[in-house]
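Each remark here refers to the structure printed beneath this line.
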Amino acid sequence: MLKLWIAGSESQIGKAILAVLDPMKYEVLCTDQEELDITDTENVLSYGEINRPDVIINCAAITDSKRCEENPELAYRVNALGARNLSLVARKHNAKIVQLSTDDVFDGTKETPYTEFDPTHPMTVYGRSKQAGENYVKEFTHKHFIVRSTWVYGEGKNFVNALLQSAKTEKEVFIPTDQIGSPTSAKDLARLILHLIDTNEYGTYHATCKGHCSRFAFAEEILRLSGKSLKLNPALAKDVPTARPNNAVLDNFILRIIDLYDMPTWQESLKEYLEG
């Protein structure tokens, strides 16, 4: 059995990986902040020495853009130095590592979807700290999979669950019509990650569900599929501050040209999530 370490196991993607993996295939090591602070270099190295993982999946991150802007030191400590520490373990024990990243490494001004070969230009502390984490992973180990995704939802705090909660407590909400992205289920992202770690196709990947939509159209589909009622008022992103790029569409270019994995459409994925 492969020894699989999920750092940040209580995150949306951490929980999703645990939900879809084959328990007969992996011996799973789960840590979250309470068990192990990934910013503590000595403790991380000690944990790696004791457990000697074959694969490390880094799901630990500060993803709240507002919190990152208010506390950049914390953002860099977790998103950058945490990734560095896990990479040091991966290098020492010849383990594969998956580093989860984001569309926020781009500035969102491109008029077409971003590929893995587009230059990064993060505009937020969150984006810059995640890019720094990517760079550390690339610097310290070659057996890495950097997986960028966008508009991820699952068990936890996200746009889908927030909208469903608003349908219970609010009469109306304002939703941007000029933010474009590819809604991606944490479970579908987890399935892709588990497929990747069975390969030696190392590198940087964009991994989102197929298709894209506006944030407003996404909200409409959530309400339609869930049978909920809530008045949606169209707005511009500048009037509904989110500190996120307007164009968050990622092209799964590498996955497609090497014919490695086929993601479902965002509508199919959302339907599965809401039915579940």
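How things are named: the first chain in the structure tokens is A, the next is B, and so on; residues count from 1 in each chain; ligands count from 1 in the order shown.
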
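The neighbours of Lys66 (chain A) here are the residues that come within 12 Å of it, using only C-alpha atoms and leaving out any residue fewer than 3 positions away in the same chain; they are A:Ile62, A:Thr63, A:Glu69, A:Glu70, A:Asn71, A:Pro72, A:Ala75, A:Thr124, A:Val125, A:Tyr126, A:Gly127, A:Pro241, A:Thr242, A:Ala243, A:Arg244.
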
For C-alpha atoms, I'd like the residues from the last selection saved as a PDB file, in the first residue's frame.
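Result went into result_14.pdb, see below:
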```
ATOM      1  CA  ILE A  62      -5.145  30.345   3.605  1.00  0.00           C
ATOM      2  CA  THR A  63      -7.631  30.865   0.752  1.00  0.00           C
ATOM      3  CA  GLU A  69      -4.704  41.110   2.352  1.00  0.00           C
ATOM      4  CA  GLU A  70      -5.124  41.904   6.040  1.00  0.00           C
ATOM      5  CA  ASN A  71      -2.390  39.517   7.183  1.00  0.00           C
ATOM      6  CA  PRO A  72       0.166  38.983   4.394  1.00  0.00           C
ATOM      7  CA  ALA A  75      -0.548  34.162   3.981  1.00  0.00           C
ATOM      8  CA  THR A 124      -3.400  39.934  -4.722  1.00  0.00           C
ATOM      9  CA  VAL A 125      -1.497  38.769  -1.647  1.00  0.00           C
ATOM     10  CA  TYR A 126      -3.322  35.448  -1.954  1.00  0.00           C
ATOM     11  CA  GLY A 127      -2.208  35.017  -5.557  1.00  0.00           C
ATOM     12  CA  PRO A 241     -15.717  43.443  -3.789  1.00  0.00           C
ATOM     13  CA  THR A 242     -14.245  39.941  -3.849  1.00  0.00           C
ATOM     14  CA  ALA A 243     -10.528  40.573  -4.551  1.00  0.00           C
ATOM     15  CA  ARG A 244     -10.678  37.919  -7.285  1.00  0.00           C
TER      16      ARG A 244
END
```

Report the closest atom pair, with its distance in Å rounded to one decimal, for each residue of region 51-147 of chain A that has an atom no farther than 7 Å from region 199-217 of chain A; count only C-alpha atoms, sort by chain and then rising residue number, and write it as JSON lines.
```
{"residue": "A:Glu116", "atom": "CA", "partner": "A:Tyr205", "partner_atom": "CA", "distance": 6.4}
{"residue": "A:Lys143", "atom": "CA", "partner": "A:Tyr202", "partner_atom": "CA", "distance": 6.0}
{"residue": "A:His144", "atom": "CA", "partner": "A:Tyr202", "partner_atom": "CA", "distance": 5.5}
{"residue": "A:Phe145", "atom": "CA", "partner": "A:Gly203", "partner_atom": "CA", "distance": 5.1}
{"residue": "A:Ile146", "atom": "CA", "partner": "A:Thr204", "partner_atom": "CA", "distance": 4.5}
{"residue": "A:Val147", "atom": "CA", "partner": "A:Tyr205", "partner_atom": "CA", "distance": 4.9}
```

With N, CA, C and O atoms retained, export the selected residues as a PDB file, in the first residue's frame.
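File written: selection.pdb
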```pdb
ATOM      1  N   GLU A 116      -1.305  26.737 -19.120  1.00  0.00           N
ATOM      2  CA  GLU A 116      -0.173  26.571 -18.214  1.00  0.00           C
ATOM      3  C   GLU A 116       1.061  27.340 -18.687  1.00  0.00           C
ATOM      4  O   GLU A 116       2.003  27.551 -17.898  1.00  0.00           O
ATOM      5  N   LYS A 143       9.617  15.746  -8.519  1.00  0.00           N
ATOM      6  CA  LYS A 143       8.481  14.814  -8.574  1.00  0.00           C
ATOM      7  C   LYS A 143       7.221  15.516  -8.069  1.00  0.00           C
ATOM      8  O   LYS A 143       6.639  15.140  -7.057  1.00  0.00           O
ATOM      9  N   HIS A 144       6.842  16.573  -8.796  1.00  0.00           N
ATOM     10  CA  HIS A 144       5.723  17.387  -8.315  1.00  0.00           C
ATOM     11  C   HIS A 144       4.616  17.492  -9.360  1.00  0.00           C
ATOM     12  O   HIS A 144       4.854  17.429 -10.563  1.00  0.00           O
ATOM     13  N   PHE A 145       3.407  17.672  -8.832  1.00  0.00           N
ATOM     14  CA  PHE A 145       2.238  18.012  -9.640  1.00  0.00           C
ATOM     15  C   PHE A 145       1.667  19.298  -9.050  1.00  0.00           C
ATOM     16  O   PHE A 145       1.174  19.291  -7.915  1.00  0.00           O
ATOM     17  N   ILE A 146       1.771  20.382  -9.775  1.00  0.00           N
ATOM     18  CA  ILE A 146       1.148  21.634  -9.352  1.00  0.00           C
ATOM     19  C   ILE A 146      -0.200  21.708 -10.058  1.00  0.00           C
ATOM     20  O   ILE A 146      -0.266  21.684 -11.288  1.00  0.00           O
ATOM     21  N   VAL A 147      -1.269  21.757  -9.285  1.00  0.00           N
ATOM     22  CA  VAL A 147      -2.623  21.680  -9.842  1.00  0.00           C
ATOM     23  C   VAL A 147      -3.367  22.980  -9.537  1.00  0.00           C
ATOM     24  O   VAL A 147      -3.711  23.258  -8.389  1.00  0.00           O
TER      25      VAL A 147
END
```

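By chain and then residue number, the residues within 9 Å of Pro176 (chain A) are A:Ser214, A:Arg215, A:Phe216, A:Asn233, A:Pro234, A:Ala235, A:Leu236, A:Ala237, A:Lys238, A:Asp239, A:Val240, counting only C-alpha atoms and disregarding those fewer than 4 positions away in sequence.
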
Give me a file of those residues, with N, CA, C and O atoms, as a PDB file, in the first residue's frame.
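Result file result-v1.pdb:
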```
ATOM      1  N   SER A 214     -20.611  33.033 -16.164  1.00  0.00           N
ATOM      2  CA  SER A 214     -20.470  34.165 -15.254  1.00  0.00           C
ATOM      3  C   SER A 214     -20.854  33.719 -13.849  1.00  0.00           C
ATOM      4  O   SER A 214     -21.552  32.708 -13.661  1.00  0.00           O
ATOM      5  N   ARG A 215     -20.436  34.486 -12.876  1.00  0.00           N
ATOM      6  CA  ARG A 215     -20.827  34.192 -11.502  1.00  0.00           C
ATOM      7  C   ARG A 215     -22.362  34.235 -11.375  1.00  0.00           C
ATOM      8  O   ARG A 215     -22.964  33.435 -10.653  1.00  0.00           O
ATOM      9  N   PHE A 216     -22.984  35.150 -12.110  1.00  0.00           N
ATOM     10  CA  PHE A 216     -24.441  35.282 -12.081  1.00  0.00           C
ATOM     11  C   PHE A 216     -25.115  34.035 -12.652  1.00  0.00           C
ATOM     12  O   PHE A 216     -26.068  33.494 -12.066  1.00  0.00           O
ATOM     13  N   ASN A 233     -29.843  39.868  -8.175  1.00  0.00           N
ATOM     14  CA  ASN A 233     -29.691  41.170  -8.813  1.00  0.00           C
ATOM     15  C   ASN A 233     -28.341  41.241  -9.510  1.00  0.00           C
ATOM     16  O   ASN A 233     -27.306  41.024  -8.868  1.00  0.00           O
ATOM     17  N   PRO A 234     -28.326  41.535 -10.818  1.00  0.00           N
ATOM     18  CA  PRO A 234     -27.029  41.647 -11.512  1.00  0.00           C
ATOM     19  C   PRO A 234     -26.235  42.844 -11.002  1.00  0.00           C
ATOM     20  O   PRO A 234     -26.799  43.899 -10.707  1.00  0.00           O
ATOM     21  N   ALA A 235     -24.923  42.648 -10.893  1.00  0.00           N
ATOM     22  CA  ALA A 235     -24.038  43.706 -10.417  1.00  0.00           C
ATOM     23  C   ALA A 235     -22.704  43.578 -11.125  1.00  0.00           C
ATOM     24  O   ALA A 235     -22.451  42.601 -11.837  1.00  0.00           O
ATOM     25  N   LEU A 236     -21.853  44.567 -10.955  1.00  0.00           N
ATOM     26  CA  LEU A 236     -20.487  44.516 -11.458  1.00  0.00           C
ATOM     27  C   LEU A 236     -19.555  44.125 -10.323  1.00  0.00           C
ATOM     28  O   LEU A 236     -19.823  44.423  -9.155  1.00  0.00           O
ATOM     29  N   ALA A 237     -18.455  43.469 -10.676  1.00  0.00           N
ATOM     30  CA  ALA A 237     -17.529  42.982  -9.654  1.00  0.00           C
ATOM     31  C   ALA A 237     -17.009  44.119  -8.783  1.00  0.00           C
ATOM     32  O   ALA A 237     -16.802  43.945  -7.582  1.00  0.00           O
ATOM     33  N   LYS A 238     -16.805  45.286  -9.374  1.00  0.00           N
ATOM     34  CA  LYS A 238     -16.269  46.415  -8.606  1.00  0.00           C
ATOM     35  C   LYS A 238     -17.242  46.885  -7.526  1.00  0.00           C
ATOM     36  O   LYS A 238     -16.845  47.511  -6.544  1.00  0.00           O
ATOM     37  N   ASP A 239     -18.523  46.550  -7.693  1.00  0.00           N
ATOM     38  CA  ASP A 239     -19.533  46.932  -6.705  1.00  0.00           C
ATOM     39  C   ASP A 239     -19.788  45.830  -5.674  1.00  0.00           C
ATOM     40  O   ASP A 239     -20.505  46.044  -4.701  1.00  0.00           O
ATOM     41  N   VAL A 240     -19.225  44.649  -5.934  1.00  0.00           N
ATOM     42  CA  VAL A 240     -19.338  43.530  -4.994  1.00  0.00           C
ATOM     43  C   VAL A 240     -17.922  43.024  -4.741  1.00  0.00           C
ATOM     44  O   VAL A 240     -17.510  42.001  -5.286  1.00  0.00           O
TER      45      VAL A 240
END
```

Identify all residues of region 39-161 of chain A in alpha helix (DSSP H) (DSSP on the backbone) and supply them as a PyMOL selection string. chain A and resi 41-51+65-70+72-76+82-92+125-140+159-161

With N, CA and C atoms kept, could you save the residues just selected as a short mmCIF file (atom, residue, chain, number, x, y, z; two decimals), in the first residue's frame?
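Contents of the output file again.cif:
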```cif
data_model
loop_
_atom_site.label_atom_id
_atom_site.label_comp_id
_atom_site.auth_asym_id
_atom_site.auth_seq_id
_atom_site.Cartn_x
_atom_site.Cartn_y
_atom_site.Cartn_z
N THR A 41 8.94 24.14 10.53
CA THR A 41 9.85 23.33 9.71
C THR A 41 10.32 22.08 10.42
N GLU A 42 10.78 22.21 11.66
CA GLU A 42 11.33 21.06 12.37
C GLU A 42 10.28 19.98 12.61
N ASN A 43 9.08 20.39 12.98
CA ASN A 43 8.02 19.41 13.22
C ASN A 43 7.60 18.71 11.93
N VAL A 44 7.56 19.46 10.83
CA VAL A 44 7.21 18.86 9.54
C VAL A 44 8.27 17.84 9.12
N LEU A 45 9.54 18.22 9.25
CA LEU A 45 10.62 17.30 8.89
C LEU A 45 10.61 16.06 9.78
N SER A 46 10.31 16.26 11.07
CA SER A 46 10.25 15.14 12.00
C SER A 46 9.10 14.20 11.66
N TYR A 47 7.95 14.78 11.32
CA TYR A 47 6.79 13.97 10.93
C TYR A 47 7.12 13.15 9.68
N GLY A 48 7.79 13.79 8.73
CA GLY A 48 8.18 13.09 7.51
C GLY A 48 9.15 11.96 7.79
N GLU A 49 10.08 12.19 8.71
CA GLU A 49 11.08 11.17 9.06
C GLU A 49 10.43 9.97 9.72
N ILE A 50 9.44 10.23 10.57
CA ILE A 50 8.77 9.14 11.27
C ILE A 50 7.86 8.34 10.33
N ASN A 51 7.15 9.04 9.45
CA ASN A 51 6.11 8.38 8.65
C ASN A 51 6.52 8.02 7.23
N SER A 65 -9.20 35.60 0.48
CA SER A 65 -8.43 36.72 -0.08
C SER A 65 -8.38 37.91 0.86
N LYS A 66 -9.50 38.21 1.48
CA LYS A 66 -9.55 39.35 2.40
C LYS A 66 -8.61 39.14 3.58
N ARG A 67 -8.63 37.94 4.12
CA ARG A 67 -7.75 37.63 5.25
C ARG A 67 -6.28 37.72 4.84
N CYS A 68 -5.97 37.28 3.61
CA CYS A 68 -4.60 37.38 3.11
C CYS A 68 -4.15 38.84 3.00
N GLU A 69 -5.04 39.70 2.49
CA GLU A 69 -4.70 41.11 2.35
C GLU A 69 -4.47 41.75 3.72
N GLU A 70 -5.24 41.33 4.70
CA GLU A 70 -5.12 41.90 6.04
C GLU A 70 -3.94 41.35 6.80
N PRO A 72 -0.69 39.59 5.43
CA PRO A 72 0.17 38.98 4.39
C PRO A 72 1.23 38.05 4.96
N GLU A 73 1.73 38.33 6.16
CA GLU A 73 2.74 37.44 6.74
C GLU A 73 2.18 36.05 6.97
N LEU A 74 0.95 35.98 7.45
CA LEU A 74 0.31 34.68 7.65
C LEU A 74 0.12 33.98 6.32
N ALA A 75 -0.33 34.75 5.31
CA ALA A 75 -0.55 34.16 3.98
C ALA A 75 0.73 33.54 3.43
N TYR A 76 1.83 34.25 3.52
CA TYR A 76 3.10 33.72 3.00
C TYR A 76 3.63 32.57 3.86
N GLY A 82 4.87 26.88 4.06
CA GLY A 82 4.29 25.56 4.31
C GLY A 82 4.55 24.62 3.15
N ALA A 83 4.38 25.15 1.93
CA ALA A 83 4.66 24.35 0.73
C ALA A 83 6.14 23.98 0.66
N ARG A 84 7.00 24.93 1.03
CA ARG A 84 8.44 24.66 1.04
C ARG A 84 8.76 23.51 1.99
N ASN A 85 8.19 23.54 3.20
CA ASN A 85 8.49 22.51 4.19
C ASN A 85 8.06 21.12 3.72
N LEU A 86 6.88 21.05 3.14
CA LEU A 86 6.41 19.76 2.63
C LEU A 86 7.27 19.28 1.46
N SER A 87 7.76 20.22 0.66
CA SER A 87 8.65 19.86 -0.45
C SER A 87 9.97 19.31 0.05
N LEU A 88 10.45 19.83 1.17
CA LEU A 88 11.69 19.32 1.76
C LEU A 88 11.52 17.87 2.17
N VAL A 89 10.36 17.54 2.72
CA VAL A 89 10.08 16.15 3.08
C VAL A 89 10.02 15.28 1.83
N ALA A 90 9.33 15.79 0.80
CA ALA A 90 9.20 15.03 -0.45
C ALA A 90 10.57 14.73 -1.04
N ARG A 91 11.45 15.74 -1.05
CA ARG A 91 12.78 15.54 -1.62
C ARG A 91 13.59 14.52 -0.81
N LYS A 92 13.52 14.65 0.51
CA LYS A 92 14.33 13.76 1.36
C LYS A 92 13.91 12.30 1.23
N VAL A 125 -2.39 39.47 -2.57
CA VAL A 125 -1.50 38.77 -1.65
C VAL A 125 -1.74 37.26 -1.74
N TYR A 126 -3.01 36.87 -1.82
CA TYR A 126 -3.32 35.45 -1.95
C TYR A 126 -2.65 34.86 -3.18
N GLY A 127 -2.81 35.51 -4.33
CA GLY A 127 -2.21 35.02 -5.56
C GLY A 127 -0.69 34.98 -5.50
N ARG A 128 -0.10 36.02 -4.94
CA ARG A 128 1.37 36.07 -4.86
C ARG A 128 1.91 35.01 -3.91
N SER A 129 1.20 34.77 -2.80
CA SER A 129 1.67 33.76 -1.84
C SER A 129 1.53 32.35 -2.43
N LYS A 130 0.48 32.12 -3.21
CA LYS A 130 0.33 30.81 -3.84
C LYS A 130 1.36 30.60 -4.94
N GLN A 131 1.70 31.66 -5.67
CA GLN A 131 2.77 31.55 -6.67
C GLN A 131 4.10 31.25 -5.99
N ALA A 132 4.35 31.87 -4.86
CA ALA A 132 5.58 31.59 -4.12
C ALA A 132 5.62 30.13 -3.69
N GLY A 133 4.47 29.60 -3.29
CA GLY A 133 4.41 28.18 -2.94
C GLY A 133 4.73 27.29 -4.13
N GLU A 134 4.17 27.62 -5.29
CA GLU A 134 4.50 26.89 -6.52
C GLU A 134 6.01 26.90 -6.77
N ASN A 135 6.60 28.06 -6.63
CA ASN A 135 8.04 28.20 -6.92
C ASN A 135 8.89 27.36 -5.98
N TYR A 136 8.52 27.33 -4.71
CA TYR A 136 9.27 26.50 -3.76
C TYR A 136 9.17 25.03 -4.13
N VAL A 137 7.96 24.58 -4.50
CA VAL A 137 7.78 23.17 -4.87
C VAL A 137 8.64 22.82 -6.07
N LYS A 138 8.66 23.70 -7.07
CA LYS A 138 9.48 23.45 -8.27
C LYS A 138 10.97 23.49 -7.95
N GLU A 139 11.34 24.31 -6.98
CA GLU A 139 12.75 24.45 -6.63
C GLU A 139 13.29 23.24 -5.87
N PHE A 140 12.46 22.67 -4.99
CA PHE A 140 12.96 21.64 -4.08
C PHE A 140 12.72 20.21 -4.51
N PHE A 159 -18.92 29.45 -2.56
CA PHE A 159 -20.00 30.21 -3.18
C PHE A 159 -21.31 29.43 -3.21
N VAL A 160 -21.24 28.14 -3.53
CA VAL A 160 -22.45 27.33 -3.64
C VAL A 160 -23.17 27.27 -2.29
N ASN A 161 -22.44 26.90 -1.26
CA ASN A 161 -23.07 26.76 0.05
C ASN A 161 -23.53 28.10 0.61
#
```

As a ChimeraX atom specification, list the residues of region 44-111 of chain A assigned to strand (DSSP E or B) by DSSP on the backbone atoms of this structure. /A:55-58,96-102

Let me see the file: selected residues, all heavy atoms, as a PDB file, in the first residue's frame.
```
ATOM      1  N   VAL A  55       3.558   9.686  -1.054  1.00  0.00           N
ATOM      2  CA  VAL A  55       2.905  10.795  -1.747  1.00  0.00           C
ATOM      3  C   VAL A  55       2.441  11.810  -0.711  1.00  0.00           C
ATOM      4  O   VAL A  55       1.900  11.431   0.333  1.00  0.00           O
ATOM      5  CB  VAL A  55       1.683  10.332  -2.573  1.00  0.00           C
ATOM      6  CG1 VAL A  55       1.050  11.506  -3.306  1.00  0.00           C
ATOM      7  CG2 VAL A  55       2.070   9.236  -3.558  1.00  0.00           C
ATOM      8  N   ILE A  56       2.654  13.095  -1.001  1.00  0.00           N
ATOM      9  CA  ILE A  56       2.157  14.172  -0.146  1.00  0.00           C
ATOM     10  C   ILE A  56       1.205  15.023  -0.977  1.00  0.00           C
ATOM     11  O   ILE A  56       1.542  15.443  -2.077  1.00  0.00           O
ATOM     12  CB  ILE A  56       3.307  15.060   0.379  1.00  0.00           C
ATOM     13  CG1 ILE A  56       4.329  14.228   1.153  1.00  0.00           C
ATOM     14  CG2 ILE A  56       2.764  16.198   1.250  1.00  0.00           C
ATOM     15  CD1 ILE A  56       5.625  14.987   1.457  1.00  0.00           C
ATOM     16  N   ILE A  57       0.011  15.270  -0.445  1.00  0.00           N
ATOM     17  CA  ILE A  57      -0.937  16.178  -1.095  1.00  0.00           C
ATOM     18  C   ILE A  57      -1.132  17.376  -0.178  1.00  0.00           C
ATOM     19  O   ILE A  57      -1.632  17.230   0.938  1.00  0.00           O
ATOM     20  CB  ILE A  57      -2.282  15.498  -1.393  1.00  0.00           C
ATOM     21  CG1 ILE A  57      -2.088  14.254  -2.247  1.00  0.00           C
ATOM     22  CG2 ILE A  57      -3.228  16.483  -2.092  1.00  0.00           C
ATOM     23  CD1 ILE A  57      -3.371  13.486  -2.534  1.00  0.00           C
ATOM     24  N   ASN A  58      -0.713  18.535  -0.651  1.00  0.00           N
ATOM     25  CA  ASN A  58      -0.801  19.741   0.175  1.00  0.00           C
ATOM     26  C   ASN A  58      -2.121  20.463  -0.078  1.00  0.00           C
ATOM     27  O   ASN A  58      -2.264  21.228  -1.031  1.00  0.00           O
ATOM     28  CB  ASN A  58       0.373  20.685  -0.103  1.00  0.00           C
ATOM     29  CG  ASN A  58       0.310  21.916   0.795  1.00  0.00           C
ATOM     30  OD1 ASN A  58      -0.367  21.913   1.823  1.00  0.00           O
ATOM     31  ND2 ASN A  58       1.016  22.957   0.414  1.00  0.00           N
ATOM     32  N   LYS A  96       6.399  11.733  -4.123  1.00  0.00           N
ATOM     33  CA  LYS A  96       5.695  12.636  -5.023  1.00  0.00           C
ATOM     34  C   LYS A  96       4.952  13.678  -4.176  1.00  0.00           C
ATOM     35  O   LYS A  96       4.522  13.377  -3.057  1.00  0.00           O
ATOM     36  CB  LYS A  96       4.684  11.869  -5.877  1.00  0.00           C
ATOM     37  CG  LYS A  96       5.301  10.832  -6.797  1.00  0.00           C
ATOM     38  CD  LYS A  96       4.218  10.067  -7.565  1.00  0.00           C
ATOM     39  CE  LYS A  96       4.832   9.030  -8.494  1.00  0.00           C
ATOM     40  NZ  LYS A  96       3.812   8.274  -9.263  1.00  0.00           N
ATOM     41  N   ILE A  97       4.776  14.880  -4.725  1.00  0.00           N
ATOM     42  CA  ILE A  97       4.019  15.899  -4.013  1.00  0.00           C
ATOM     43  C   ILE A  97       3.033  16.583  -4.955  1.00  0.00           C
ATOM     44  O   ILE A  97       3.360  16.859  -6.113  1.00  0.00           O
ATOM     45  CB  ILE A  97       4.947  16.943  -3.339  1.00  0.00           C
ATOM     46  CG1 ILE A  97       4.125  17.928  -2.489  1.00  0.00           C
ATOM     47  CG2 ILE A  97       5.792  17.691  -4.358  1.00  0.00           C
ATOM     48  CD1 ILE A  97       4.962  18.805  -1.571  1.00  0.00           C
ATOM     49  N   VAL A  98       1.834  16.803  -4.441  1.00  0.00           N
ATOM     50  CA  VAL A  98       0.809  17.562  -5.159  1.00  0.00           C
ATOM     51  C   VAL A  98       0.645  18.893  -4.443  1.00  0.00           C
ATOM     52  O   VAL A  98       0.342  18.924  -3.241  1.00  0.00           O
ATOM     53  CB  VAL A  98      -0.543  16.824  -5.188  1.00  0.00           C
ATOM     54  CG1 VAL A  98      -1.601  17.677  -5.891  1.00  0.00           C
ATOM     55  CG2 VAL A  98      -0.405  15.468  -5.865  1.00  0.00           C
ATOM     56  N   GLN A  99       0.846  19.978  -5.160  1.00  0.00           N
ATOM     57  CA  GLN A  99       0.664  21.321  -4.619  1.00  0.00           C
ATOM     58  C   GLN A  99      -0.570  21.934  -5.277  1.00  0.00           C
ATOM     59  O   GLN A  99      -0.609  22.138  -6.485  1.00  0.00           O
ATOM     60  CB  GLN A  99       1.894  22.186  -4.881  1.00  0.00           C
ATOM     61  CG  GLN A  99       1.727  23.654  -4.565  1.00  0.00           C
ATOM     62  CD  GLN A  99       1.561  23.949  -3.079  1.00  0.00           C
ATOM     63  OE1 GLN A  99       1.829  23.099  -2.229  1.00  0.00           O
ATOM     64  NE2 GLN A  99       1.130  25.147  -2.776  1.00  0.00           N
ATOM     65  N   LEU A 100      -1.586  22.214  -4.479  1.00  0.00           N
ATOM     66  CA  LEU A 100      -2.798  22.825  -5.017  1.00  0.00           C
ATOM     67  C   LEU A 100      -2.597  24.322  -5.164  1.00  0.00           C
ATOM     68  O   LEU A 100      -2.085  24.988  -4.265  1.00  0.00           O
ATOM     69  CB  LEU A 100      -3.982  22.535  -4.102  1.00  0.00           C
ATOM     70  CG  LEU A 100      -4.366  21.051  -4.054  1.00  0.00           C
ATOM     71  CD1 LEU A 100      -5.397  20.792  -2.983  1.00  0.00           C
ATOM     72  CD2 LEU A 100      -4.883  20.594  -5.408  1.00  0.00           C
ATOM     73  N   SER A 101      -3.005  24.841  -6.313  1.00  0.00           N
ATOM     74  CA  SER A 101      -2.845  26.263  -6.562  1.00  0.00           C
ATOM     75  C   SER A 101      -4.122  26.830  -7.176  1.00  0.00           C
ATOM     76  O   SER A 101      -5.180  26.203  -7.121  1.00  0.00           O
ATOM     77  CB  SER A 101      -1.615  26.520  -7.440  1.00  0.00           C
ATOM     78  OG  SER A 101      -1.256  27.887  -7.393  1.00  0.00           O
ATOM     79  N   THR A 102      -4.026  28.006  -7.779  1.00  0.00           N
ATOM     80  CA  THR A 102      -5.218  28.788  -8.069  1.00  0.00           C
ATOM     81  C   THR A 102      -5.077  29.638  -9.325  1.00  0.00           C
ATOM     82  O   THR A 102      -3.950  29.958  -9.747  1.00  0.00           O
ATOM     83  CB  THR A 102      -5.503  29.708  -6.863  1.00  0.00           C
ATOM     84  OG1 THR A 102      -6.533  30.639  -7.181  1.00  0.00           O
ATOM     85  CG2 THR A 102      -4.264  30.519  -6.490  1.00  0.00           C
TER      86      THR A 102
END
```

If you count only C-alpha atoms, which residues fall within 10 Å of Leu164 (chain A), apart from same-chain ones fewer than 2 positions away, as JSON, numbers by chain? {"A": [159, 160, 161, 162, 166, 167, 168, 169, 170, 219, 222, 223, 226, 228, 229, 230]}

Thr39 (chain A): which residues within 7 Å, counting only C-alpha atoms, same-chain residues fewer than 3 positions away excluded, as number ranges by chain? A: 77-78, 81-82

Only N, CA and C atoms, please: the residues just picked out, written as a PDB file, in the first residue's frame.
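selection-v2.pdb written:
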```pdb
ATOM      1  N   ARG A  77       3.381  32.668   5.162  1.00  0.00           N
ATOM      2  CA  ARG A  77       3.864  31.607   6.044  1.00  0.00           C
ATOM      3  C   ARG A  77       3.196  30.274   5.696  1.00  0.00           C
ATOM      4  N   VAL A  78       1.880  30.306   5.500  1.00  0.00           N
ATOM      5  CA  VAL A  78       1.154  29.066   5.216  1.00  0.00           C
ATOM      6  C   VAL A  78       1.267  28.675   3.748  1.00  0.00           C
ATOM      7  N   LEU A  81       5.756  29.154   2.717  1.00  0.00           N
ATOM      8  CA  LEU A  81       6.706  28.395   3.537  1.00  0.00           C
ATOM      9  C   LEU A  81       6.176  27.009   3.897  1.00  0.00           C
ATOM     10  N   GLY A  82       4.868  26.885   4.062  1.00  0.00           N
ATOM     11  CA  GLY A  82       4.290  25.561   4.308  1.00  0.00           C
ATOM     12  C   GLY A  82       4.553  24.624   3.146  1.00  0.00           C
TER      13      GLY A  82
END
```

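Closest approach to Thr265 (chain A) among A:Pro183, A:Asp198, A:Glu220, A:Met24 is made by A:Pro183 (distances from only C-alpha atoms).
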
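With only C-alpha atoms as the atoms that count, the minimum distance from Pro122 (chain A) to the choices A:Leu270, A:Ala248, A:Leu36, A:Ala16 is reached by A:Ala248.
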
Residues near Leu2 (chain A), cut-off 9 Å, only C-alpha atoms, skip fewer than 2 positions along chain, as an MDAnalysis selection string: chainID A and resid 4 25:28 53:55
